[in-house]
Every structure is written in C-alpha cells, then in structure tokens.
Amino acid sequence: MQQPDPFQNENSWQYLLSRIAGENCILLTGENSDFILGWSYKDEIKVKENKFDFDLLDSFLEKYKGEFIFGCLTYDLKNTIEPTLKSSNNDLIQFPLIHFFVPEHLVEFKNNVWEFYGDETKNAFEKLTALPELQQGKVTNPVLLTEKTTKEEYIQHVNKIKSEIQYGNIYELNYCVNFEAEQTELNSSAVFQKLQSLTNAPFSVYLNTEEHAVLCASPERFIKKENNKIISQPIKGTARRSQNKEEDIQIKEELRINPKERSENIMITDLVRNDLSKIAVKNSVQTEELCGVYTFKTVHQLISTISCETDPKINFSSVIKALFPMGSMTGAPKIAAMKIAEETEKFKRGLYSGSIGYIRPNGDFDFNVVIRSILHNKKSKTISCSVGSAITINSDPEKEYEECLLKLNALKRALE
C-alpha cells in the first residue's frame with residue numbers, strides 16, 4: 001500500500017528513530033534519503049556457537065519466504081564455511097555468529113513514497129508518529145578510545161605481513177586493529193545520528209537489540225541480488241578529503257592513478273570474480289567498473305563493480321558460502337590471508353568485517369560490509385571500533401597506520 005510522505009521532511013528517518021530507539025529495531029539508510037525501518041521482531045534465529053549448520057538458516061528463510069527478513073553475519077562465520085579456519089582472539093563485543101529476524105512492522109521510504117509491510121503496520125506507524133520525541137539528551141559522555149595494538153606493534157605486524165608476501169604465501173592482506181572503551185553507557189540513537197551527519201554513508205545501519213547496539217556508517221556494499229543478477233562492489237583504495245576545493249580535486253586524481261591503491265583494488269576484484277564464478281551462469285562474470293573514484297564526506301575511495309548471472313534456483317546460503325567473507329576484508333588468496341590475519345591481529349573481529357542487510361519478499365537481497373562502525377555491548381558496557389587497510393608488498397607501515405586513523409576519525413568525533 002502506498003502513502004504520500006506525511007512529514008514532507010528529508011529527515012524522516014531521524015523523526016522516526018527519535019520515537020522508536022528504545023525498541024528492538026533496525027534502520028538501513030540509502031541514497032537520496034531512502035531508508036528501511038523495521039521494529040518489534042516477531043521471530044528470530046540467533047546462533048552464538050562458533051559453528052552452525054546452514055540448514056538452520058535455510059529453514060528459517062523458507063519459513064518466512066515472502067516477507068522482509070533482516071540478517072547479520074559475523075566475520076567468524078568463515079570458520080563454518082572453511083573448517084581449517086579458527087578465531088581464538090579475545091571477543092570483546094560477543095555478537096551472535098548469525099542473527100536473522102523478521103520484524104512485526106516495517107516501513108520503507110523510497111523515491112519520496114512510503115511503503116507499509118505487515119497487516120498492522122499502518123496503525124502502528126500512525127501511533128508511532130503520534131508519540132512525542134524521545135528526549136535524546138546528551139549524545140554521550142565523551143568516550144576515550146584506547147588502542148588495542150600500539151603503533152609500534154602495528155608496524156611490526158605490517159612488516160611481518162610484508163615478509164609473508166615476499167615469501168609468496170599471500171599477495172595482499174587486510175590487516176585490522178581495534179580501539180576500545182570500557183564501562184561506557186551509550187545513547188546509541190543520538191550517536192548514530194551524529195555519525196551519519198558526519199559521513200552520510202550510503203550503507204549505514206542502526207541496529208538495537210536487548211544486548212547490543214550497532215552504529216554502522218559503511219560506504220561499502222557486499223552483495224546485491226536483483227532478479228537473477230548479483231553484484232559485488234569491493235572498496236580498496238582510500239584518500240583523505242580536503243576543505244580546499246582545488247587540493248581535494250588533486251587528492252582525488254592522485255588516488256585514481258596511484259599504482260599501489262589501484263593494485264590493491266585490482267587484486268581484490270580478481271578475487272571477487274573468482275568467488276562469483278562459483279555460483280555464476282557460465283561466462284556471465286564481468287567487471288562493470290574497475291577502480292572507479294567515489295567521494296564521500298570524509299574520504300575518497302576506489303570502488304569496483306563485479307557482476308554475474310545466477311541460476312534462479314540458487315539459494316541465499318549457497319551465495320554466502322561462495323562469497324563470504326568479502327575479499328575486501330580478507331586479502332588474497334583468501335584462506336591463507338585469513339589465517340595470517342588471525343595470527344597478527346589482537347582481537348576477534350566478530351561483526352566487524354561481517355555484513356548486515358535484508359532479503360526482500362521477492363527474494364532479492366542487499367547486504368553491506370560492516371566497517372566504519374561503533375559496536376556496543378550493553379551488558380558489559382564495552383565499545384569496539386575497528387579499522388584496517390590493505391597491506392601489499394609496496395605498503396609503507398607509517399602510511400598504512402595513518403590510513404587507519406583517518407578511517408577512525410569520524411567514529412571518534414561521533415563519540416565526543
């Protein structure tokens with residue numbers, strides 16, 4: 001059922017989130033003020049073990065076929081897909097291995113039109129909009145993030161990774177570090193709104209559950225399925241923005257032609273092409289765009305778009321088994337890179353480097369890459385903010401560390 005926008009307000013999701021933030025809810029923002037908001041889950045599947053049977057997920061998805069289903073996949077799902085992998089590092093946030101849920105109510109705002117899903121959603125929506133705005137109060141008490149890996153350790157690890165590349169064991173590795181805060185209360189909806197105002201990221205997510213809050217300002221799409229076509233859009237290659245217009249244009253052009261940044265992207269593009277070939281109709285894998293330069297509020301990025309056609313009978317789990325984790329967060333070759341990452345990183349990635357998205361009633365789906373995120377465990381009152389960069393043989397450890405701090409900057413500002 002279609003309805004005109006009752007608010008005539010480009011900040012519609014902010015209006016709604018200010019009235020619903022205390023409930024179980026999920027908000028996914030898109031381009032041009034588009035968004036999807038679901039709340040009051042009617043059913044969910046949540047697996048906390050290190051490994052699980054994909055048949056459980058398949059049964060859940062089949063049960064709710066024809067409805068909107070949201071899902072979270074943590075990076076550590078890799079251990080189920082590839083049994084030789086493990087995750088032994090400390091898990092600060094303890095997000096479930098997978099979490100899929102069906103909301104009782106869902107509204108979608110797209111192209112300035114409202115769509116309501118669920119028999120009682122229209123009534124629930126009207127009641128929601130009649131509520132007074134929740135008192136946001138202070139965004140948060142200032143949060144001081146502490147580095148888990150010192151700069152000296154970071155440089156040592158990058159040099160170790162470069163040695164692995166020199167030996168021919170890997171070609172590229174996405175090495176990540178974590179920044180933490182303990183004993184922290186978080187006004188998560190207010191912080192998310194501040195984070196989104198700083199980044200305007202196209203694949204942002206706000207997720208609120210009983211145990212966790214996820215504030216994700218991701219610029220990266222993992223996979224999107226529309227009819228029988230699947231696309232993946234890995235990001236590799238980052239440059240800072242400048243307030244000086246001429247300098248900003250120059251930085252953007254330097255990124256476009258930078259041989260190191262382009263090689264990072266091209267290696268992961270090749271990896272994604274290989275992953276897609278596992279599920280693709282023969283000869284359908286193609287690179288639609290290679291190393292396109294895209295500008296966001298805080299950074300410039302190189303993004304490639306790879307696509308394929310798939311058999312209509314292929315299911316969601318088969319796609320995930322073929323493509324997850326995304327190559328932009330692992331390196332190449334994928335399995336060898338993940339093993340070395342486990343040895344050199346000092347934290348369990350969990351939801352960071354994972355994915356959040358949705359499956360539409362018609363079976364199409366869209367999932368992001370969980371980066372540029374603030375993860376909060378409400379019970380332990382801990383916050384985790386992780387960042388990373390691609391290490392190649394030409395990497396300068398000092399510059400890679402600076403890139404990590406650049407990616408962390410918006411998260412720190414949102415928590416101030």
# chains A, B, ... in the order shown; residues from 1 in each chain; ligands from 1
>>> closest_atom_pairs(of="segment 255-319 of chain A", to="segment 355-369 of chain A", cutoff="12 Å", atoms="only C-alpha atoms", output="Markdown table")
| residue | atom | partner | partner_atom | distance |
| --- | --- | --- | --- | --- |
| A:Pro312 | CA | A:Gly363 | CA | 10.1 |
| A:Lys313 | CA | A:Gly363 | CA | 10.9 |
| A:Ile314 | CA | A:Gly363 | CA | 10.8 |
| A:Asn315 | CA | A:Gly363 | CA | 9.0 |
| A:Phe316 | CA | A:Gly363 | CA | 8.7 |
| A:Ser317 | CA | A:Ile359 | CA | 11.9 |
| A:Val319 | CA | A:Phe365 | CA | 11.0 |
>>> closest_atom_pairs(of="segment 351-392 of chain A", to="segment 162-181 of chain A", cutoff="12 Å", atoms="only C-alpha atoms", output="JSON lines")
{"residue": "A:Tyr352", "atom": "CA", "partner": "A:Cys176", "partner_atom": "CA", "distance": 9.7}
{"residue": "A:Ser353", "atom": "CA", "partner": "A:Cys176", "partner_atom": "CA", "distance": 9.4}
{"residue": "A:Ile371", "atom": "CA", "partner": "A:Cys176", "partner_atom": "CA", "distance": 10.6}
{"residue": "A:Arg372", "atom": "CA", "partner": "A:Asn178", "partner_atom": "CA", "distance": 11.5}
{"residue": "A:Ser373", "atom": "CA", "partner": "A:Asn178", "partner_atom": "CA", "distance": 11.1}
{"residue": "A:Ile374", "atom": "CA", "partner": "A:Glu180", "partner_atom": "CA", "distance": 9.7}
{"residue": "A:Leu375", "atom": "CA", "partner": "A:Glu180", "partner_atom": "CA", "distance": 9.6}
{"residue": "A:His376", "atom": "CA", "partner": "A:Ala181", "partner_atom": "CA", "distance": 9.5}
{"residue": "A:Asn377", "atom": "CA", "partner": "A:Ala181", "partner_atom": "CA", "distance": 10.7}
{"residue": "A:Ser380", "atom": "CA", "partner": "A:Ala181", "partner_atom": "CA", "distance": 10.7}
{"residue": "A:Lys381", "atom": "CA", "partner": "A:Ala181", "partner_atom": "CA", "distance": 8.4}
{"residue": "A:Thr382", "atom": "CA", "partner": "A:Ala181", "partner_atom": "CA", "distance": 5.7}
{"residue": "A:Ile383", "atom": "CA", "partner": "A:Ala181", "partner_atom": "CA", "distance": 5.0}
{"residue": "A:Ser384", "atom": "CA", "partner": "A:Glu180", "partner_atom": "CA", "distance": 4.7}
{"residue": "A:Cys385", "atom": "CA", "partner": "A:Phe179", "partner_atom": "CA", "distance": 5.1}
{"residue": "A:Ser386", "atom": "CA", "partner": "A:Asn178", "partner_atom": "CA", "distance": 4.3}
{"residue": "A:Val387", "atom": "CA", "partner": "A:Cys176", "partner_atom": "CA", "distance": 5.5}
{"residue": "A:Gly388", "atom": "CA", "partner": "A:Cys176", "partner_atom": "CA", "distance": 3.9}
{"residue": "A:Ser389", "atom": "CA", "partner": "A:Asn174", "partner_atom": "CA", "distance": 5.3}
{"residue": "A:Ala390", "atom": "CA", "partner": "A:Asn174", "partner_atom": "CA", "distance": 4.2}
{"residue": "A:Ile391", "atom": "CA", "partner": "A:Leu173", "partner_atom": "CA", "distance": 5.2}
{"residue": "A:Thr392", "atom": "CA", "partner": "A:Glu172", "partner_atom": "CA", "distance": 4.9}
>>> atom_distance(atom1="atom CA of Val47 of chain A", atom2="atom CA of Phe100 of chain A")
9.2 Å
>>> closest_residue(among="A:Glu403, A:Asp43, A:Glu153, A:Glu115", to="His99 of chain A", atoms="only C-alpha atoms")
A:Asp43
>>> select_by_dssp(residues="segment 156-283 of chain A", states="strand (DSSP E or B)", output="short mmCIF file (atom, residue, chain, number, x, y, z; two decimals) with C-alpha atoms, in the first residue's frame")
data_model
loop_
_atom_site.label_atom_id
_atom_site.label_comp_id
_atom_site.auth_asym_id
_atom_site.auth_seq_id
_atom_site.Cartn_x
_atom_site.Cartn_y
_atom_site.Cartn_z
CA GLU A 172 47.57 -8.89 -0.09
CA LEU A 173 46.10 -8.88 3.41
CA ASN A 174 43.53 -6.62 5.01
CA TYR A 175 45.11 -6.08 8.42
CA CYS A 176 42.82 -4.66 11.13
CA VAL A 177 43.30 -3.12 14.55
CA ASN A 178 40.83 -2.37 17.32
CA PHE A 179 40.15 0.63 19.56
CA GLU A 180 38.13 0.01 22.72
CA ALA A 181 36.36 1.67 25.61
CA PHE A 203 25.04 1.63 3.51
CA SER A 204 24.58 2.76 7.09
CA VAL A 205 22.79 0.66 9.69
CA TYR A 206 21.40 1.32 13.14
CA LEU A 207 20.58 -1.89 14.99
CA ASN A 208 19.23 -2.04 18.52
CA HIS A 212 23.80 -4.85 21.55
CA ALA A 213 23.74 -1.63 19.60
CA VAL A 214 25.37 -1.39 16.18
CA LEU A 215 26.11 2.02 14.65
CA CYS A 216 27.48 1.43 11.18
CA ALA A 217 28.44 4.15 8.69
CA SER A 218 29.53 1.86 5.88
CA ARG A 221 28.18 -2.89 -0.48
CA PHE A 222 29.00 -6.57 -0.12
CA ILE A 223 26.40 -8.15 -2.42
CA LYS A 224 23.14 -7.22 -4.04
CA LYS A 225 20.79 -9.58 -5.84
CA GLU A 226 18.15 -8.25 -8.22
CA LYS A 229 21.82 -10.77 -11.25
CA ILE A 230 24.28 -10.44 -8.38
CA ILE A 231 26.74 -7.57 -7.96
CA SER A 232 29.57 -7.03 -5.52
CA GLN A 233 31.31 -3.68 -5.03
CA ILE A 235 36.34 -0.91 -1.84
CA LYS A 236 40.11 -0.82 -1.88
CA GLY A 237 41.99 2.48 -2.07
CA THR A 238 41.45 5.39 0.31
CA ALA A 239 42.46 9.05 0.35
CA ARG A 240 41.61 11.91 2.67
CA ALA A 280 27.57 -17.86 -11.87
#
>>> closest_residue(among="A:Asp275, A:Glu246, A:Glu182, A:Asp34", to="Ala201 of chain A", atoms="only C-alpha atoms")
A:Asp34
>>> residues_around(residues="Leu131 of chain A", least_positions_apart="2", cutoff="10 Å", atoms="only C-alpha atoms", output="list in words")
Leu16, Ser18, Arg19, Ile20, Glu126, Lys127, Leu128, Thr129, Glu133 and Leu134 of chain A
>>> closest_residue(among="A:Glu62, A:Asp91, A:Glu211, A:Glu44", to="Lys348 of chain A", atoms="only C-alpha atoms")
A:Asp91
>>> select_by_dssp(residues="segment 146-275 of chain A", states="alpha helix (DSSP H)", output="PyMOL selection string")
chain A and resi 151-166+188-199+245-257+259-275
>>> closest_residue(among="A:Gly66, A:Pro202, A:Pro132, A:Pro142", to="Gly30 of chain A", atoms="only C-alpha atoms")
A:Pro202
>>> atom_distance(atom1="atom CA of Tyr41 of chain A", atom2="atom CA of Leu73 of chain A")
17.6 Å
>>> decode(residues="segment 191-238 of chain A", atoms="N, CA and C atoms", output="short mmCIF file (atom, residue, chain, number, x, y, z; two decimals), in the first residue's frame")
data_model
loop_
_atom_site.label_atom_id
_atom_site.label_comp_id
_atom_site.auth_asym_id
_atom_site.auth_seq_id
_atom_site.Cartn_x
_atom_site.Cartn_y
_atom_site.Cartn_z
N VAL A 191 24.03 9.02 18.97
CA VAL A 191 25.38 8.90 18.41
C VAL A 191 25.29 8.50 16.93
N PHE A 192 24.36 7.61 16.61
CA PHE A 192 24.21 7.21 15.20
C PHE A 192 23.83 8.40 14.34
N GLN A 193 22.91 9.21 14.81
CA GLN A 193 22.50 10.37 14.02
C GLN A 193 23.68 11.32 13.82
N LYS A 194 24.50 11.48 14.84
CA LYS A 194 25.68 12.32 14.71
C LYS A 194 26.67 11.70 13.73
N LEU A 195 26.86 10.39 13.83
CA LEU A 195 27.78 9.69 12.93
C LEU A 195 27.33 9.81 11.48
N GLN A 196 26.03 9.66 11.26
CA GLN A 196 25.52 9.73 9.90
C GLN A 196 25.62 11.16 9.35
N SER A 197 25.48 12.14 10.21
CA SER A 197 25.63 13.53 9.75
C SER A 197 27.08 13.81 9.35
N LEU A 198 28.03 13.11 9.98
CA LEU A 198 29.43 13.29 9.66
C LEU A 198 29.85 12.56 8.39
N THR A 199 29.16 11.45 8.07
CA THR A 199 29.61 10.59 6.98
C THR A 199 28.66 10.52 5.80
N ASN A 200 27.35 10.58 6.06
CA ASN A 200 26.34 10.40 5.01
C ASN A 200 26.63 9.15 4.19
N ALA A 201 26.97 8.07 4.87
CA ALA A 201 27.36 6.84 4.21
C ALA A 201 26.14 6.14 3.61
N PRO A 202 26.27 5.56 2.41
CA PRO A 202 25.10 5.01 1.71
C PRO A 202 24.64 3.65 2.21
N PHE A 203 25.45 2.94 3.02
CA PHE A 203 25.04 1.63 3.51
C PHE A 203 25.09 1.58 5.03
N SER A 204 24.58 2.65 5.63
CA SER A 204 24.58 2.76 7.09
C SER A 204 23.48 1.90 7.71
N VAL A 205 23.75 1.48 8.95
CA VAL A 205 22.79 0.66 9.69
C VAL A 205 22.78 1.10 11.14
N TYR A 206 21.57 1.22 11.69
CA TYR A 206 21.40 1.32 13.14
C TYR A 206 20.63 0.09 13.59
N LEU A 207 21.22 -0.68 14.48
CA LEU A 207 20.58 -1.89 14.99
C LEU A 207 20.56 -1.83 16.50
N ASN A 208 19.37 -2.03 17.07
CA ASN A 208 19.23 -2.04 18.52
C ASN A 208 18.57 -3.34 18.95
N THR A 209 19.25 -4.10 19.81
CA THR A 209 18.70 -5.32 20.39
C THR A 209 18.82 -5.24 21.90
N GLU A 210 18.34 -6.27 22.60
CA GLU A 210 18.43 -6.26 24.06
C GLU A 210 19.88 -6.19 24.54
N GLU A 211 20.79 -6.81 23.79
CA GLU A 211 22.16 -6.93 24.27
C GLU A 211 23.16 -6.02 23.56
N HIS A 212 22.82 -5.58 22.35
CA HIS A 212 23.80 -4.85 21.55
C HIS A 212 23.20 -3.64 20.85
N ALA A 213 24.07 -2.72 20.52
CA ALA A 213 23.74 -1.63 19.60
C ALA A 213 24.84 -1.58 18.55
N VAL A 214 24.43 -1.46 17.30
CA VAL A 214 25.37 -1.39 16.18
C VAL A 214 25.14 -0.07 15.44
N LEU A 215 26.18 0.73 15.32
CA LEU A 215 26.11 2.02 14.65
C LEU A 215 27.11 1.97 13.50
N CYS A 216 26.62 1.73 12.32
CA CYS A 216 27.48 1.43 11.18
C CYS A 216 27.33 2.50 10.11
N ALA A 217 28.44 3.13 9.73
CA ALA A 217 28.44 4.15 8.69
C ALA A 217 29.23 3.63 7.49
N SER A 218 28.76 2.54 6.93
CA SER A 218 29.53 1.86 5.88
C SER A 218 29.31 2.49 4.52
N PRO A 219 30.40 2.71 3.77
CA PRO A 219 30.27 3.15 2.38
C PRO A 219 30.26 1.99 1.39
N GLU A 220 30.32 0.73 1.91
CA GLU A 220 30.61 -0.40 1.02
C GLU A 220 29.47 -1.41 0.97
N ARG A 221 29.13 -1.79 -0.26
CA ARG A 221 28.18 -2.89 -0.48
C ARG A 221 28.94 -4.20 -0.64
N PHE A 222 28.45 -5.23 0.04
CA PHE A 222 29.00 -6.57 -0.12
C PHE A 222 28.38 -7.24 -1.35
N ILE A 223 27.10 -7.52 -1.29
CA ILE A 223 26.40 -8.15 -2.42
C ILE A 223 24.98 -7.63 -2.53
N LYS A 224 24.53 -7.56 -3.76
CA LYS A 224 23.14 -7.22 -4.04
C LYS A 224 22.62 -8.17 -5.10
N LYS A 225 21.45 -8.72 -4.86
CA LYS A 225 20.79 -9.58 -5.84
C LYS A 225 19.52 -8.90 -6.31
N GLU A 226 19.36 -8.80 -7.63
CA GLU A 226 18.15 -8.25 -8.22
C GLU A 226 17.78 -9.15 -9.39
N ASN A 227 16.65 -9.82 -9.26
CA ASN A 227 16.26 -10.88 -10.19
C ASN A 227 17.35 -11.96 -10.17
N ASN A 228 17.95 -12.28 -11.29
CA ASN A 228 18.99 -13.31 -11.31
C ASN A 228 20.40 -12.73 -11.39
N LYS A 229 20.52 -11.43 -11.17
CA LYS A 229 21.82 -10.77 -11.25
C LYS A 229 22.35 -10.46 -9.85
N ILE A 230 23.63 -10.76 -9.63
CA ILE A 230 24.28 -10.44 -8.38
C ILE A 230 25.46 -9.51 -8.67
N ILE A 231 25.58 -8.46 -7.85
CA ILE A 231 26.74 -7.57 -7.96
C ILE A 231 27.45 -7.50 -6.63
N SER A 232 28.76 -7.29 -6.70
CA SER A 232 29.57 -7.03 -5.52
C SER A 232 30.41 -5.79 -5.82
N GLN A 233 30.62 -4.95 -4.80
CA GLN A 233 31.31 -3.68 -5.03
C GLN A 233 32.39 -3.45 -3.98
N PRO A 234 33.52 -4.15 -4.11
CA PRO A 234 34.59 -4.01 -3.12
C PRO A 234 35.25 -2.64 -3.17
N ILE A 235 35.58 -2.15 -1.99
CA ILE A 235 36.34 -0.91 -1.84
C ILE A 235 37.78 -1.26 -1.47
N LYS A 236 38.70 -0.74 -2.22
CA LYS A 236 40.11 -0.82 -1.88
C LYS A 236 40.77 0.41 -2.48
N GLY A 237 41.40 1.21 -1.64
CA GLY A 237 41.99 2.48 -2.07
C GLY A 237 41.30 3.63 -1.37
N THR A 238 42.03 4.33 -0.51
CA THR A 238 41.45 5.39 0.31
C THR A 238 42.35 6.62 0.30
#
